[in-house]
Amino acid sequence: MPYHEFECSKCIPERKQHAVVKAPGEDLTSCLPKGYLNTIPGSISERGCAYCGAKHVIGTPMKDVIHLSHGPIGCTYDTWQTKRYISDNGNFQLKYTFASDVREKHIVFGAEKLLKQNILEAFAQFPEIKRMTIYQTCATALIGDDINAIAEEVMEELPDVDIFICNSPGFAGPSQSGGHHKINIAWINQKVGTVEPEITSDYVINYVGEYNIQGDQEVMQDFFKRMGIQVLSTFTGNGRYDDLRGMHKAHLNVLECARSAEYICNELRVRYGIPRLDIDGFGFEPLSQSLRKVAMFFGIEERAEAIIAEETARWKPELDWYKERLKGKKVCLWPGGSKLWHWAHVIEAEMGVKVVSVYTKFGHQGDMEKGVARCSEDTLAIDDPNELEGLEALEMLKPDIIFTGKRPGEVAKKVGVPYLNAHAYHNGPYKGYEGWVRFARDIYNAIYSPIHQLAELDISRDPIPTDKGFATQRMLSDASLPEDIRTSTTLRQYSGAYDTISPLRDKTYPTFDSRSAAAE
Amino acid sequence: MSCELKLKERIGTINPIFTCQPAGAQYASIGIKDCIGIVHGGQGCVMFVRLLISQHLKESFEIASSSVHEDGAVFGALNRVEEAVDVLLMRYPHVKVIPIITTCSTEVIGDDVDGVVTKLEEELLQVKYPDREVHLIPIHTPSFVGSMVSGYDVAVRDFVKYFAKKDKPSFKINLITGWVNPGDVTELKSLLAAMEIEANVLFEIESFDSPLMPDKSAVSHGSTTIEDLISTADAQGTIALNRYEGGKAAKFLEKRWDVPAIIGPTPIGIRNTDTFLQNLKTMTGKPIPDSLVRERGIAIDAITDLTHMFLADKKVAIFGNPDLVIGLAEFCLDLEMKPVLLLLGDENAEYENDPRIKALQEGVDFDMEIIANADLWELEDRIKNKGLELDLILGHSKGRFVAIDNMIPMVRVGFPTYDRAGLYRYPVVGYKGATWLAEQMANALFTDMEYKKNKEWILNVW
């Protein structure tokens, strides 16, 4: 077994089975770390809790909903304004968060009455909002409040409101992933099938496992609309509560993040016979293949091909400009879950970088299977990494850049490794063809920032170069590039706007004849 | 003309001003050298607090979790504490201080953290780490009591209570800063240095603002030592700048070790800084030197350029930590401004008896509301639906959308201030803080005048 043992973790031998280095000729039968097991206490793991997996990751991107957490204020405060899932309704879900504010007396005597008052009060303060999600927390799970009963009571009293309950306390499982599962199942059990949606196209999908980080969902929705496909609902980025109640009427579930949302797709298949199609909005080739697959399902391949041709022609020369300059750069791909396999191969293929390590905080073995399979040899794969292991890996691998979260990014900064925010992005969106160029642009700007060169210099002992007043990214990136590439007239730098999402919201789309009309 | 202190009428919280107790204990813990806390609860209680602190300071800090999962919640999770202590000690050989910080879940299930500490001291520490200095300190911070402010207060007291021990009298004083920024500590220490006073600073967090060094060695961590904490009992006095963040520790030292305490005022603004210096002088007998007369003069000079021309009569709402809010309100009044709404993010019976609040109630000649247990909807609802007109908001970044959506200029102050660059580097306390605050407020108003084309030409001549 090619397990990798970290020096810092020799004293906790069970960690040894959580990291592997893929060696020549090895496949997954010999090269798969353990995953999704209980965290080792005191290891300073990066994992979060099942409440945040449910509320913060999946629930809150729903945009027309009062998101109320039943517990003390901390859970609510902490999971507020740390993400970039925007919406086209003024970002209500980012701006407002609700806590029932459980106190000691409620712990002793119960907090159900408090919860009911909270629900009524919140609807009264925001009379235009008629939908609510309620999230259980550790405290209210332990005292055993019957949230469902209270919600039923309120729905009887206020017939125009609808409430969804998610019982996923923080301790429910080894990481946030437990919460993903719980909210998926809770939604299909409680809400799917309770609204009959209006069907406006022959081709109807649910777009699942997509959270509209910096507008990803709106980029992908643009492609679907250009193909004449109705996106019935998005689970959950930029999604509407009532649209998600009508998920059962789609012809196809198009699944993006299989880590966080395959559960609901699988249930929709079992209960309503809706097939699941896994796609990938990151990278030119995976995205093109994804659009083709969706189109093929509906028999509208030419619509996909038109988009692929147009977008590729527009953006490929810009992607390739960066690819030439990112070749061989070493990357630690250290996201939360699914991006380890969404990105592992395609950034190597399309940006020329070399992934030297992947990790997952809350992924399962299945994610590692996909991730390790897509990595090249010598890649270090780590499950549930901790602070010291991360530092040791950075020391060993000496990457040029790390894709990770905000706080681990600060750790990397101190050892001279620039970071890109893998969860919230730097200047996204990163989905779509243009988005992928934006990702490449951000990587380029991070790696070739003149500040890193300056950071290396020890003015007390190194010779200080006094012949330069400045450097540019281009001076650093192009120094050793072949002449023809450096002066290429076909390749070009990113030429898009700062905000690419707002214009999509006012866009008009072509209408296609429906199949029934065409047959007449 | 009235100034009322009242509680928020709604029962729920919409956009909280504070997070909960364990966060305050965690913020205190990172101020101590060779200290890594273990938060006993679910992992989110740590993960998000570390994120919050890193958002604010743009640095990462080490805090561990006991990672309570389902089995622990059902059967008790003390075994997780035992394992966490051992794992932490094995892997972090420099660690000496381990506060074990409880949360709502582990308080509800009734885990006996004090008992497990005794057990660990008798067993694990003696058997496995006999030659190592290790301090395990239970800190009880259930999330359903108080707020991050009281959590900080409790933690400072518990650290002091654990370590403080009389040896021989010292000329030092104890300076308990409260929940402040590295820039504040720098300024406070410069005031002390000017008066040639040595202090145990709780906590030495200047080092939170750490460099990126060529040898890549730097880490961000506080630098208050165990010796500093022990010697708090020997000090000639304690000054706790903030009543609600460190006041408990000052009172403890006074009661248990006869170290005289002066609590407050938060030295925000000229007047409160004057009082702080007077308190230092009273406590130590050291004179206030000319250099501070001059420093004060520079601040007064800068403020004189701004007050009656630009700041006078501007209506301000202030939210955040209680001592900060009260200090800012007092300073605004000295600047001729009108702090019409003060929002304190928790419920605390002591607010009613706070002499500063009483003084506001007696002294203010315009309508002013002080809301305790407040949330940010108290502010936004007044602006959107109740006709409150404001010229300026002072508060932390979680309130940013109130300012943005209602087009009211806002000066970020307090914790956290992640949507502005580098604010932790600047003091709000002392004379330098007074200057900085007044100038930030003025510049915010100026920028707003320009965006809104609201008499922006005024600034052609100044």
# chains A, B, ... in the order shown; residues from 1 in each chain; ligands from 1
call {"tool": "closest_atom_pairs", "arguments": {"of": "chain A", "to": "chain B", "cutoff": "7 Å", "atoms": "only C-alpha atoms", "output": "tab-separated table"}}
result
residue	atom	partner	partner_atom	distance
A:Cys8	CA	B:Arg91	CA	6.3
A:Cys11	CA	B:Met90	CA	6.8
A:Thr39	CA	B:Ser67	CA	6.3
A:Pro41	CA	B:Ala84	CA	4.4
A:Gly42	CA	B:Ala84	CA	3.8
A:Ser43	CA	B:Val87	CA	6.3
A:Ile44	CA	B:Ala64	CA	4.7
A:Glu46	CA	B:Met47	CA	6.6
A:Arg47	CA	B:Gln43	CA	6.4
A:Gly48	CA	B:Gly44	CA	4.5
A:Cys49	CA	B:Gly44	CA	4.7
A:Pro72	CA	B:Phe144	CA	5.2
A:Ile73	CA	B:Thr19	CA	6.0
A:Gly74	CA	B:Thr19	CA	4.3
A:Tyr77	CA	B:Thr19	CA	5.5
A:Asp78	CA	B:Phe48	CA	5.7
A:Lys95	CA	B:Phe401	CA	6.7
A:Tyr96	CA	B:Asn15	CA	6.0
A:Thr97	CA	B:Asn15	CA	5.2
A:Phe98	CA	B:Ile14	CA	4.6
A:Ala99	CA	B:Thr13	CA	5.1
A:Ser100	CA	B:Gly12	CA	4.9
A:Asp101	CA	B:Gly12	CA	5.8
A:Val102	CA	B:Phe144	CA	5.9
A:Arg103	CA	B:Phe144	CA	4.4
A:Glu104	CA	B:Phe144	CA	5.4
A:Asn118	CA	B:Gly12	CA	5.2
A:Cys138	CA	B:Ser105	CA	5.5
A:Ala139	CA	B:Ser105	CA	5.4
A:Gly170	CA	B:Gly42	CA	5.6
A:Phe171	CA	B:His69	CA	4.4
A:Ala172	CA	B:Glu70	CA	5.3
A:Gly173	CA	B:His69	CA	5.7
A:Pro174	CA	B:His69	CA	6.2
A:Arg407	CA	B:Ser60	CA	5.7
A:Glu410	CA	B:Glu59	CA	5.3
A:Val411	CA	B:Ser60	CA	5.9
A:Lys414	CA	B:Leu212	CA	5.4
A:Val415	CA	B:Lys216	CA	4.6
A:Gly416	CA	B:Lys216	CA	6.5
A:Ala455	CA	B:Pro214	CA	5.8
A:Glu456	CA	B:Pro214	CA	4.8
A:Leu457	CA	B:Pro214	CA	5.9
A:Asp458	CA	B:Pro214	CA	5.5
call {"tool": "select_by_dssp", "arguments": {"residues": "range 193-238 of chain B", "states": "strand (DSSP E)", "output": "ChimeraX atom specification"}}
result
/B:199-202,238
call {"tool": "select_by_dssp", "arguments": {"residues": "range 196-270 of chain B", "states": "alpha helix (DSSP H)", "output": "list in words"}}
result
Ile226, Glu227, Asp228, Leu229, Ile230, Gly247, Lys248, Ala249, Ala250, Lys251, Phe252, Leu253, Glu254, Lys255, Arg256, Trp257, Gly269 and Ile270 of chain B
call {"tool": "write_last_selection", "arguments": {"atoms": "C-alpha atoms", "output": "PDB file, in the first residue's frame"}}
result
ATOM      1  CA  ILE B 226       2.524  32.190  31.637  1.00  0.00           C
ATOM      2  CA  GLU B 227       4.877  34.314  33.775  1.00  0.00           C
ATOM      3  CA  ASP B 228       2.898  37.433  32.862  1.00  0.00           C
ATOM      4  CA  LEU B 229      -0.284  35.724  33.974  1.00  0.00           C
ATOM      5  CA  ILE B 230       1.242  34.410  37.197  1.00  0.00           C
ATOM      6  CA  GLY B 247     -13.739  43.553  34.244  1.00  0.00           C
ATOM      7  CA  LYS B 248     -14.337  40.152  35.848  1.00  0.00           C
ATOM      8  CA  ALA B 249     -10.604  39.411  35.904  1.00  0.00           C
ATOM      9  CA  ALA B 250      -9.816  42.779  37.488  1.00  0.00           C
ATOM     10  CA  LYS B 251     -12.422  42.205  40.175  1.00  0.00           C
ATOM     11  CA  PHE B 252     -11.097  38.728  40.816  1.00  0.00           C
ATOM     12  CA  LEU B 253      -7.555  40.019  41.307  1.00  0.00           C
ATOM     13  CA  GLU B 254      -8.798  42.666  43.661  1.00  0.00           C
ATOM     14  CA  LYS B 255     -10.842  40.287  45.755  1.00  0.00           C
ATOM     15  CA  ARG B 256      -8.523  37.303  45.817  1.00  0.00           C
ATOM     16  CA  TRP B 257      -5.082  38.934  45.702  1.00  0.00           C
ATOM     17  CA  GLY B 269     -11.590  59.881  22.495  1.00  0.00           C
ATOM     18  CA  ILE B 270      -9.583  62.639  24.140  1.00  0.00           C
TER      19      ILE B 270
END
call {"tool": "atom_distance", "arguments": {"atom1": "CA of Arg515 in chain A", "atom2": "CA of Met296 in chain A"}}
result
15.5 Å
call {"tool": "residues_around", "arguments": {"residues": "Tyr431 in chain B", "least_positions_apart": "2", "cutoff": "10 Å", "atoms": "only C-alpha atoms", "output": "list in words"}}
result
Glu187, Leu188, Leu191, Pro267, Ile268, Gly269, Ile270, Arg271, Asn272, Thr273, Asp274, Leu292, Glu295, Arg296, Gly297, Ile298, Ala299, Ile300, Pro427, Val428, Val429, Gly433, Ala434, Thr435, Trp436 and Leu437 of chain B
call {"tool": "residues_around", "arguments": {"residues": "range 264-266 of chain B", "least_positions_apart": "6", "cutoff": "9 Å", "atoms": "only C-alpha atoms", "output": "count of residues only"}}
result
18
call {"tool": "closest_residue", "arguments": {"among": "B:Pro322, B:Leu379, B:Thr304, B:Pro287", "to": "Val340 in chain B", "atoms": "only C-alpha atoms"}}
result
B:Leu379
call {"tool": "closest_residue", "arguments": {"among": "B:Arg420, B:Lys33, B:His221, B:His56", "to": "Asn181 in chain B", "atoms": "only C-alpha atoms"}}
result
B:His56
call {"tool": "residues_around", "arguments": {"residues": "Arg84 in chain A", "least_positions_apart": "3", "cutoff": "9 Å", "atoms": "only C-alpha atoms", "output": "ChimeraX atom specification"}}
result
/A:81,94,212-215,423-425
call {"tool": "write_last_selection", "arguments": {"atoms": "all heavy atoms", "output": "short mmCIF file (atom, residue, chain, number, x, y, z; two decimals), in the first residue's frame"}}
result
data_model
loop_
_atom_site.label_atom_id
_atom_site.label_comp_id
_atom_site.auth_asym_id
_atom_site.auth_seq_id
_atom_site.Cartn_x
_atom_site.Cartn_y
_atom_site.Cartn_z
N GLN A 81 -22.53 35.53 5.88
CA GLN A 81 -21.54 36.37 5.19
C GLN A 81 -20.15 35.74 5.15
O GLN A 81 -19.15 36.41 5.37
CB GLN A 81 -21.43 37.75 5.84
CG GLN A 81 -22.63 38.62 5.57
CD GLN A 81 -22.42 40.07 5.96
OE1 GLN A 81 -21.30 40.51 6.21
NE2 GLN A 81 -23.48 40.83 5.99
N LEU A 94 -28.11 36.30 1.30
CA LEU A 94 -26.82 36.68 1.86
C LEU A 94 -26.98 37.71 2.96
O LEU A 94 -26.20 37.77 3.90
CB LEU A 94 -25.93 37.32 0.78
CG LEU A 94 -25.29 36.45 -0.29
CD1 LEU A 94 -24.41 37.30 -1.19
CD2 LEU A 94 -24.46 35.34 0.34
N ASN A 212 -24.40 28.53 -7.25
CA ASN A 212 -24.31 29.90 -7.78
C ASN A 212 -23.20 30.72 -7.13
O ASN A 212 -23.37 31.93 -6.86
CB ASN A 212 -25.64 30.65 -7.67
CG ASN A 212 -25.73 31.77 -8.69
OD1 ASN A 212 -25.15 31.67 -9.78
ND2 ASN A 212 -26.43 32.86 -8.37
N ILE A 213 -22.07 30.08 -6.90
CA ILE A 213 -20.93 30.83 -6.37
C ILE A 213 -20.50 31.86 -7.42
O ILE A 213 -20.18 31.51 -8.55
CB ILE A 213 -19.75 29.90 -6.05
CG1 ILE A 213 -20.17 28.76 -5.12
CG2 ILE A 213 -18.58 30.68 -5.46
CD1 ILE A 213 -20.65 29.17 -3.76
N GLN A 214 -20.55 33.12 -7.05
CA GLN A 214 -20.19 34.24 -7.93
C GLN A 214 -20.94 34.20 -9.27
O GLN A 214 -20.51 34.81 -10.25
CB GLN A 214 -18.68 34.30 -8.17
CG GLN A 214 -17.90 34.62 -6.91
CD GLN A 214 -16.61 35.39 -7.19
OE1 GLN A 214 -16.48 36.08 -8.20
NE2 GLN A 214 -15.66 35.28 -6.29
N GLY A 215 -22.05 33.46 -9.32
CA GLY A 215 -22.87 33.46 -10.53
C GLY A 215 -22.74 32.23 -11.41
O GLY A 215 -23.28 32.21 -12.52
N HIS A 423 -13.33 27.71 -2.76
CA HIS A 423 -14.75 27.64 -2.42
C HIS A 423 -15.51 28.83 -2.98
O HIS A 423 -16.56 28.68 -3.57
CB HIS A 423 -14.93 27.60 -0.91
CG HIS A 423 -14.06 26.61 -0.21
ND1 HIS A 423 -14.08 25.27 -0.49
CD2 HIS A 423 -13.13 26.78 0.75
CE1 HIS A 423 -13.19 24.64 0.27
NE2 HIS A 423 -12.60 25.54 1.03
N ALA A 424 -14.99 30.01 -2.72
CA ALA A 424 -15.73 31.23 -3.06
C ALA A 424 -15.17 31.90 -4.31
O ALA A 424 -15.78 32.82 -4.84
CB ALA A 424 -15.68 32.21 -1.88
N TYR A 425 -14.02 31.44 -4.77
CA TYR A 425 -13.30 31.98 -5.93
C TYR A 425 -12.69 33.35 -5.62
O TYR A 425 -13.16 34.07 -4.73
CB TYR A 425 -14.17 32.12 -7.19
CG TYR A 425 -14.97 30.91 -7.57
CD1 TYR A 425 -16.12 31.05 -8.33
CD2 TYR A 425 -14.58 29.64 -7.19
CE1 TYR A 425 -16.88 29.95 -8.70
CE2 TYR A 425 -15.33 28.53 -7.55
CZ TYR A 425 -16.48 28.68 -8.30
OH TYR A 425 -17.22 27.61 -8.65
#
call {"tool": "residues_around", "arguments": {"residues": "range 221-233 of chain A", "least_positions_apart": "5", "cutoff": "8 Å", "atoms": "only C-alpha atoms", "output": "number ranges by chain"}}
result
A: 197, 199-207, 239-240, 243-244, 246-247, 250, 295, 300, 303-304, 307, 504, 509-512
call {"tool": "atom_distance", "arguments": {"atom1": "CA of Ile402 in chain A", "atom2": "CA of Asp280 in chain A"}}
result
21.4 Å
call {"tool": "residues_around", "arguments": {"residues": "range 128-139 of chain B", "least_positions_apart": "3", "cutoff": "7 Å", "atoms": "only C-alpha atoms", "output": "list in words"}}
result
Lys96, Val97, Ile98, Pro99, Ile100, Ile101, Thr102, Val113, Asp114, Val117, Leu124, Leu125, Ala155 and Asp158 of chain B
call {"tool": "write_last_selection", "arguments": {"atoms": "N, CA, C and O atoms", "output": "mmCIF file, in the first residue's frame"}}
result
data_model
loop_
_atom_site.group_PDB
_atom_site.id
_atom_site.type_symbol
_atom_site.label_atom_id
_atom_site.label_comp_id
_atom_site.auth_asym_id
_atom_site.auth_seq_id
_atom_site.Cartn_x
_atom_site.Cartn_y
_atom_site.Cartn_z
ATOM 1 N N LYS B 96 1.852 24.592 26.129
ATOM 2 C CA LYS B 96 1.826 24.455 27.586
ATOM 3 C C LYS B 96 0.432 24.716 28.159
ATOM 4 O O LYS B 96 0.086 24.211 29.214
ATOM 5 N N VAL B 97 -0.315 25.570 27.495
ATOM 6 C CA VAL B 97 -1.607 25.980 28.035
ATOM 7 C C VAL B 97 -2.716 25.468 27.121
ATOM 8 O O VAL B 97 -2.716 25.735 25.917
ATOM 9 N N ILE B 98 -3.629 24.710 27.714
ATOM 10 C CA ILE B 98 -4.756 24.201 26.932
ATOM 11 C C ILE B 98 -6.062 24.539 27.651
ATOM 12 O O ILE B 98 -6.476 23.820 28.570
ATOM 13 N N PRO B 99 -6.710 25.617 27.277
ATOM 14 C CA PRO B 99 -8.048 25.842 27.805
ATOM 15 C C PRO B 99 -9.019 24.871 27.132
ATOM 16 O O PRO B 99 -8.893 24.605 25.936
ATOM 17 N N ILE B 100 -9.915 24.337 27.921
ATOM 18 C CA ILE B 100 -10.946 23.461 27.343
ATOM 19 C C ILE B 100 -12.257 24.226 27.420
ATOM 20 O O ILE B 100 -12.808 24.464 28.502
ATOM 21 N N ILE B 101 -12.672 24.646 26.268
ATOM 22 C CA ILE B 101 -13.748 25.627 26.140
ATOM 23 C C ILE B 101 -15.042 24.887 25.813
ATOM 24 O O ILE B 101 -15.122 24.215 24.787
ATOM 25 N N THR B 102 -16.029 24.988 26.670
ATOM 26 C CA THR B 102 -17.267 24.247 26.421
ATOM 27 C C THR B 102 -18.187 25.026 25.485
ATOM 28 O O THR B 102 -18.002 26.215 25.236
ATOM 29 N N VAL B 113 -16.375 18.555 32.504
ATOM 30 C CA VAL B 113 -15.061 18.945 31.987
ATOM 31 C C VAL B 113 -14.064 19.151 33.130
ATOM 32 O O VAL B 113 -12.899 18.771 33.023
ATOM 33 N N ASP B 114 -14.545 19.695 34.241
ATOM 34 C CA ASP B 114 -13.634 19.887 35.385
ATOM 35 C C ASP B 114 -13.148 18.540 35.889
ATOM 36 O O ASP B 114 -11.974 18.371 36.236
ATOM 37 N N VAL B 117 -10.544 17.085 33.589
ATOM 38 C CA VAL B 117 -9.255 17.768 33.738
ATOM 39 C C VAL B 117 -8.491 17.165 34.923
ATOM 40 O O VAL B 117 -7.309 16.856 34.826
ATOM 41 N N LEU B 124 -3.005 10.972 32.594
ATOM 42 C CA LEU B 124 -2.245 11.206 31.352
ATOM 43 C C LEU B 124 -1.000 12.053 31.578
ATOM 44 O O LEU B 124 0.103 11.685 31.169
ATOM 45 N N LEU B 125 -1.174 13.188 32.250
ATOM 46 C CA LEU B 125 -0.041 14.109 32.389
ATOM 47 C C LEU B 125 1.065 13.491 33.232
ATOM 48 O O LEU B 125 2.245 13.618 32.925
ATOM 49 N N ALA B 155 -13.357 34.070 30.012
ATOM 50 C CA ALA B 155 -12.087 33.408 29.704
ATOM 51 C C ALA B 155 -10.914 34.160 30.316
ATOM 52 O O ALA B 155 -10.018 33.550 30.902
ATOM 53 N N ASP B 158 -10.863 33.395 33.907
ATOM 54 C CA ASP B 158 -10.448 32.015 34.204
ATOM 55 C C ASP B 158 -8.945 31.819 34.001
ATOM 56 O O ASP B 158 -8.323 31.061 34.743
#
call {"tool": "closest_residue", "arguments": {"among": "A:Phe6, A:Pro418, A:His67, A:Cys265", "to": "Ala122 in chain A", "atoms": "only C-alpha atoms"}}
result
A:His67
call {"tool": "closest_residue", "arguments": {"among": "B:Lys166, B:Lys453, B:His396, B:His94", "to": "Asp258 in chain B", "atoms": "only C-alpha atoms"}}
result
B:Lys166
